[in-house]
Amino acid sequence: MTVKTGAEYLASLRDDREVWLHGERIADVTAAPGLARGAQTMAGFIDRQHQEDGQALLTYSEGGERHPMSFLLPRTPEDVRRRGAAYYEWARWSNGMFGRTPDYKNASVMAFAGAAEFLNEGRDGRGADFAANMRNYYEEARRNDLVLTHTLVNPQYNAERAKQGLSSPEVALQTVRETDAGVVVNGARLLATLGPLANDIEVFPSTLLKAAEENKPYAIAFTIPINTPGIRLICRDSYDHGKSTFDAPLSSRFEEMDAVVIFDNVLVPWERLFMHKDPLLCNRAFAETNAVVHMMHQVACGKLAKAEFIVGLLCAMARASGKDKDMNVKGQIAEAMWTAETVRALLFAAEQQPERDQWGLHIPQRRPLDTSRNLFPRLYPKLIETIHMLGSSSLMATPCAADFSGDIATDVQRYFELTNLGSQDRVALFRLAQDVAVSGFGNRQVLYERFFFGPQNVMASIYYDLYNKDEMMDRVTELLHRT
């Protein structure tokens, strides 16, 4: 099979999965209010892979079949840049506002498949070949163009145990028994973005696990179809309230949905298992396979598209009101431009200096990507604050589409006009700004960016530990001892 069409993707979601939204079980996620338009958006993204210009950027050919570029094993430096161009193209369609496109988890699966021998360090007494399991799953995912979500974090129950690197048996996903067919898992995981609209779920540990006997049941990694018996997804409230694309230009299109995943005694077949009962191996997995670097590459491309979009929005708002001649306003927007250009420069540095890793694959430079992923969570709230400051009351003075054809249409046409923009275009522009910076959809984006890779203090501490400090300290020592 080659890359899916949008219609094939939508059909693959009609599989009796157990999804709960607004207190009700959803019969068909492709038709349910609050989910359907997000599914349609994803289908449109997938169809782009079949268009002539999209196919060249977003897919590659191997063995007479075409596959998503995000599954390409980067054997050369140019492959790294091809993957980056595809990531950026995916992100441009939503301007970074639909964050969990399939290329993110494809990057993870590709990386683990390329470094699959690492997984066999954790082979248990049953002789399971975890490396072969991963390679086989990679082939299955790319040949069937599967859309994946993932869960990494156990629900918070006992903060003290969490500080000690221990999981809470009351709620955490854990292995409860082994059978000839596989392992049975029970518990919950957070937070599956795109979960209701994905085919499979990747379950890996992300928080560090203490190397203790009692942690072994929680040390597990696998993939499994969303419609597996015993899996339930509990969705948050939808930000798609059924408004028109004029009234809600982002939330009407890009609701990717987040869900808590419940595993109620779910059987995971042995062939879908990649790590089991080895906490230290789980702790090392993302770094030593370089999966984290490949994922950071996709993320940086998305953040560039998002920052560029915010810059464009700010410039359009300033021009519409004539404020683009004001030095203070230009200074505020210049700071947003610096954010976009900083991400662009870091991405360029990473892609132009790829390295060959121990698995024979080329990876972008980690340090620039790591810098980007630490900076952007701090800079994105500032971008939104700039929209607030520039938009002010105009972010609330936003009639809806119906007002332009109702009894007060004359007033709306007259009193909502700006120096450089007609009233309907002005309202459309500021409704977009409102959806970015004020709405529930927009504030979820801010929260998402703040914690995407983890708490900022934790990420900064990891960055410090990984940074090559010795060379720079040696220069200080050399100067102090220079005669």
# chains A, B, ... in the order shown; residues from 1 in each chain; ligands from 1
$ residues_around --residues "stretch 330-333 of chain A" --least-positions-apart "3" --cutoff "12 Å" --atoms "only C-alpha atoms" --output "MDAnalysis selection string"
chainID A and resid 307:308 310:319 322:327 336:340 382:390
$ write_last_selection --atoms "C-alpha atoms" --output "compact mmCIF listing (two decimals), in the first residue's frame"
# COMPACT_ATOMS: atom_id res chain seq x y z
CA ALA A 307 6.19 32.14 14.64
CA GLU A 308 6.06 33.31 11.03
CA ILE A 310 2.15 35.33 14.32
CA VAL A 311 4.49 37.87 12.68
CA GLY A 312 2.22 38.01 9.63
CA LEU A 313 -0.83 38.48 11.83
CA LEU A 314 0.78 41.30 13.82
CA CYS A 315 1.90 43.09 10.65
CA ALA A 316 -1.58 42.78 9.13
CA MET A 317 -3.18 44.18 12.30
CA ALA A 318 -0.78 47.14 12.35
CA ARG A 319 -1.25 47.92 8.67
CA GLY A 322 -2.32 52.53 10.22
CA LYS A 323 -0.19 51.80 13.29
CA ASP A 324 2.60 50.41 11.12
CA LYS A 325 4.07 53.92 11.01
CA ASP A 326 4.36 54.08 14.81
CA MET A 327 7.92 53.45 16.04
CA ALA A 336 8.22 38.87 17.27
CA MET A 337 10.32 38.90 14.10
CA TRP A 338 13.41 38.17 16.20
CA THR A 339 11.68 35.10 17.58
CA ALA A 340 10.92 33.78 14.09
CA LYS A 382 5.33 36.84 24.62
CA LEU A 383 4.09 36.60 21.03
CA ILE A 384 0.53 36.23 22.33
CA GLU A 385 1.03 39.16 24.72
CA THR A 386 2.05 41.29 21.72
CA ILE A 387 -1.24 40.42 20.01
CA HIS A 388 -3.05 41.47 23.19
CA MET A 389 -1.21 44.79 23.35
CA LEU A 390 -1.64 45.61 19.68
$ select_by_dssp --residues "stretch 182-338 of chain A" --states "helix (DSSP H, G or I)" --output "PyMOL selection string"
chain A and resi 195-197+213-218+270-272+279-288+291-321+323-325+327-338
$ closest_residue --among "A:Glu24, A:Glu117, A:Glu214, A:Glu160" --to "A:Cys235" --atoms "only C-alpha atoms"
A:Glu24
$ select_by_dssp --residues "stretch 266-440 of chain A" --states "strand (DSSP E or B)" --output "tab-separated table (two decimals) with N, CA and C atoms, in the first residue's frame"
chain	number	residue	atom	x	y	z
A	266	VAL	N	-5.92	-4.45	29.10
A	266	VAL	CA	-5.70	-4.54	27.65
A	266	VAL	C	-4.57	-5.53	27.36
A	267	LEU	N	-4.81	-6.42	26.43
A	267	LEU	CA	-3.79	-7.38	26.02
A	267	LEU	C	-2.90	-6.75	24.94
A	268	VAL	N	-1.60	-6.67	25.23
A	268	VAL	CA	-0.62	-6.19	24.27
A	268	VAL	C	0.13	-7.40	23.74
A	269	PRO	N	-0.02	-7.74	22.46
A	269	PRO	CA	0.67	-8.92	21.92
A	269	PRO	C	2.19	-8.78	22.05
A	273	LEU	N	5.49	-5.42	21.49
A	273	LEU	CA	6.22	-4.97	22.68
A	273	LEU	C	7.67	-4.62	22.29
A	274	PHE	N	8.16	-3.48	22.82
A	274	PHE	CA	9.51	-3.02	22.47
A	274	PHE	C	10.44	-2.91	23.68
A	275	MET	N	9.90	-2.65	24.85
A	275	MET	CA	10.67	-2.65	26.09
A	275	MET	C	9.77	-3.19	27.19
A	276	HIS	N	10.40	-3.89	28.14
A	276	HIS	CA	9.58	-4.56	29.17
A	276	HIS	C	10.42	-4.82	30.41
A	355	GLU	N	25.21	15.04	11.53
A	355	GLU	CA	26.26	14.10	11.93
A	355	GLU	C	25.76	12.67	11.71
A	356	ARG	N	26.69	11.78	11.46
A	356	ARG	CA	26.34	10.36	11.34
A	356	ARG	C	26.41	9.75	12.73
A	362	HIS	N	22.00	9.74	9.66
A	362	HIS	CA	22.40	11.13	9.85
A	362	HIS	C	21.34	11.85	10.67
A	363	ILE	N	21.81	12.64	11.62
A	363	ILE	CA	20.90	13.40	12.48
A	363	ILE	C	21.29	14.87	12.44
A	418	LEU	N	-11.84	50.33	9.19
A	418	LEU	CA	-10.57	50.91	9.60
A	418	LEU	C	-9.96	51.72	8.46
A	421	LEU	N	-8.78	49.19	5.90
A	421	LEU	CA	-9.46	47.90	5.75
A	421	LEU	C	-10.96	48.06	5.93
$ atom_distance --atom1 "atom CA of A:Gly391" --atom2 "atom CA of A:Gln434"
8.6 Å
$ closest_residue --among "A:Pro217, A:Pro33, A:Gly114, A:Pro68" --to "A:Phe45" --atoms "only C-alpha atoms"
A:Pro68
$ atom_distance --atom1 "atom CA of A:Val183" --atom2 "atom CA of A:Tyr138"
20.7 Å
$ residues_around --residues "A:Ala128" --least-positions-apart "2" --cutoff "12 Å" --atoms "only C-alpha atoms" --output "PyMOL selection string"
chain A and resi 119-126+130-134+180+182+269-276
$ atom_distance --atom1 "atom CA of A:Leu233" --atom2 "atom CA of A:Asp435"
26.3 Å
$ closest_residue --among "A:Phe286, A:Phe118, A:Phe263, A:Tyr380" --to "A:Gly187" --atoms "only C-alpha atoms"
A:Phe263
$ closest_residue --among "A:Ala111, A:Asp247, A:Glu288, A:Gly195" --to "A:Ala402" --atoms "only C-alpha atoms"
A:Asp247
$ residues_around --residues "A:Glu170" --least-positions-apart "4" --cutoff "12 Å" --atoms "only C-alpha atoms" --output "ChimeraX atom specification"
/A:154-158,161,174,186-188
$ write_last_selection --atoms "N, CA and C atoms" --output "PDB file, in the first residue's frame"
ATOM      1  N   ASN A 154       2.125   9.273  33.291  1.00  0.00           N
ATOM      2  CA  ASN A 154       1.093   8.710  34.155  1.00  0.00           C
ATOM      3  C   ASN A 154       0.356   9.824  34.885  1.00  0.00           C
ATOM      4  N   PRO A 155      -0.912   9.614  35.219  1.00  0.00           N
ATOM      5  CA  PRO A 155      -1.648  10.632  35.981  1.00  0.00           C
ATOM      6  C   PRO A 155      -0.980  10.909  37.323  1.00  0.00           C
ATOM      7  N   GLN A 156      -1.083  12.138  37.777  1.00  0.00           N
ATOM      8  CA  GLN A 156      -0.538  12.522  39.080  1.00  0.00           C
ATOM      9  C   GLN A 156      -1.440  11.981  40.180  1.00  0.00           C
ATOM     10  N   TYR A 157      -0.869  11.257  41.113  1.00  0.00           N
ATOM     11  CA  TYR A 157      -1.641  10.721  42.237  1.00  0.00           C
ATOM     12  C   TYR A 157      -0.916  10.992  43.547  1.00  0.00           C
ATOM     13  N   ASN A 158       0.353  10.651  43.610  1.00  0.00           N
ATOM     14  CA  ASN A 158       1.146  10.833  44.821  1.00  0.00           C
ATOM     15  C   ASN A 158       2.415  11.593  44.443  1.00  0.00           C
ATOM     16  N   ARG A 161       5.847  10.181  45.754  1.00  0.00           N
ATOM     17  CA  ARG A 161       6.363   9.031  45.006  1.00  0.00           C
ATOM     18  C   ARG A 161       6.941   9.482  43.668  1.00  0.00           C
ATOM     19  N   GLN A 174       0.419  -0.028  34.044  1.00  0.00           N
ATOM     20  CA  GLN A 174       1.355  -1.034  34.538  1.00  0.00           C
ATOM     21  C   GLN A 174       1.014  -2.407  33.971  1.00  0.00           C
ATOM     22  N   ASN A 186      -2.890  -2.336  32.667  1.00  0.00           N
ATOM     23  CA  ASN A 186      -4.040  -1.676  33.279  1.00  0.00           C
ATOM     24  C   ASN A 186      -3.585  -0.330  33.832  1.00  0.00           C
ATOM     25  N   GLY A 187      -4.469   0.665  33.754  1.00  0.00           N
ATOM     26  CA  GLY A 187      -4.153   1.987  34.275  1.00  0.00           C
ATOM     27  C   GLY A 187      -4.476   3.059  33.266  1.00  0.00           C
ATOM     28  N   ALA A 188      -3.929   4.263  33.491  1.00  0.00           N
ATOM     29  CA  ALA A 188      -4.238   5.393  32.623  1.00  0.00           C
ATOM     30  C   ALA A 188      -2.960   6.097  32.202  1.00  0.00           C
TER      31      ALA A 188
END
$ residues_around --residues "A:Tyr448" --least-positions-apart "5" --cutoff "10 Å" --atoms "only C-alpha atoms" --output "JSON, numbers by chain"
{"A": [99, 377, 442, 443, 453, 454]}
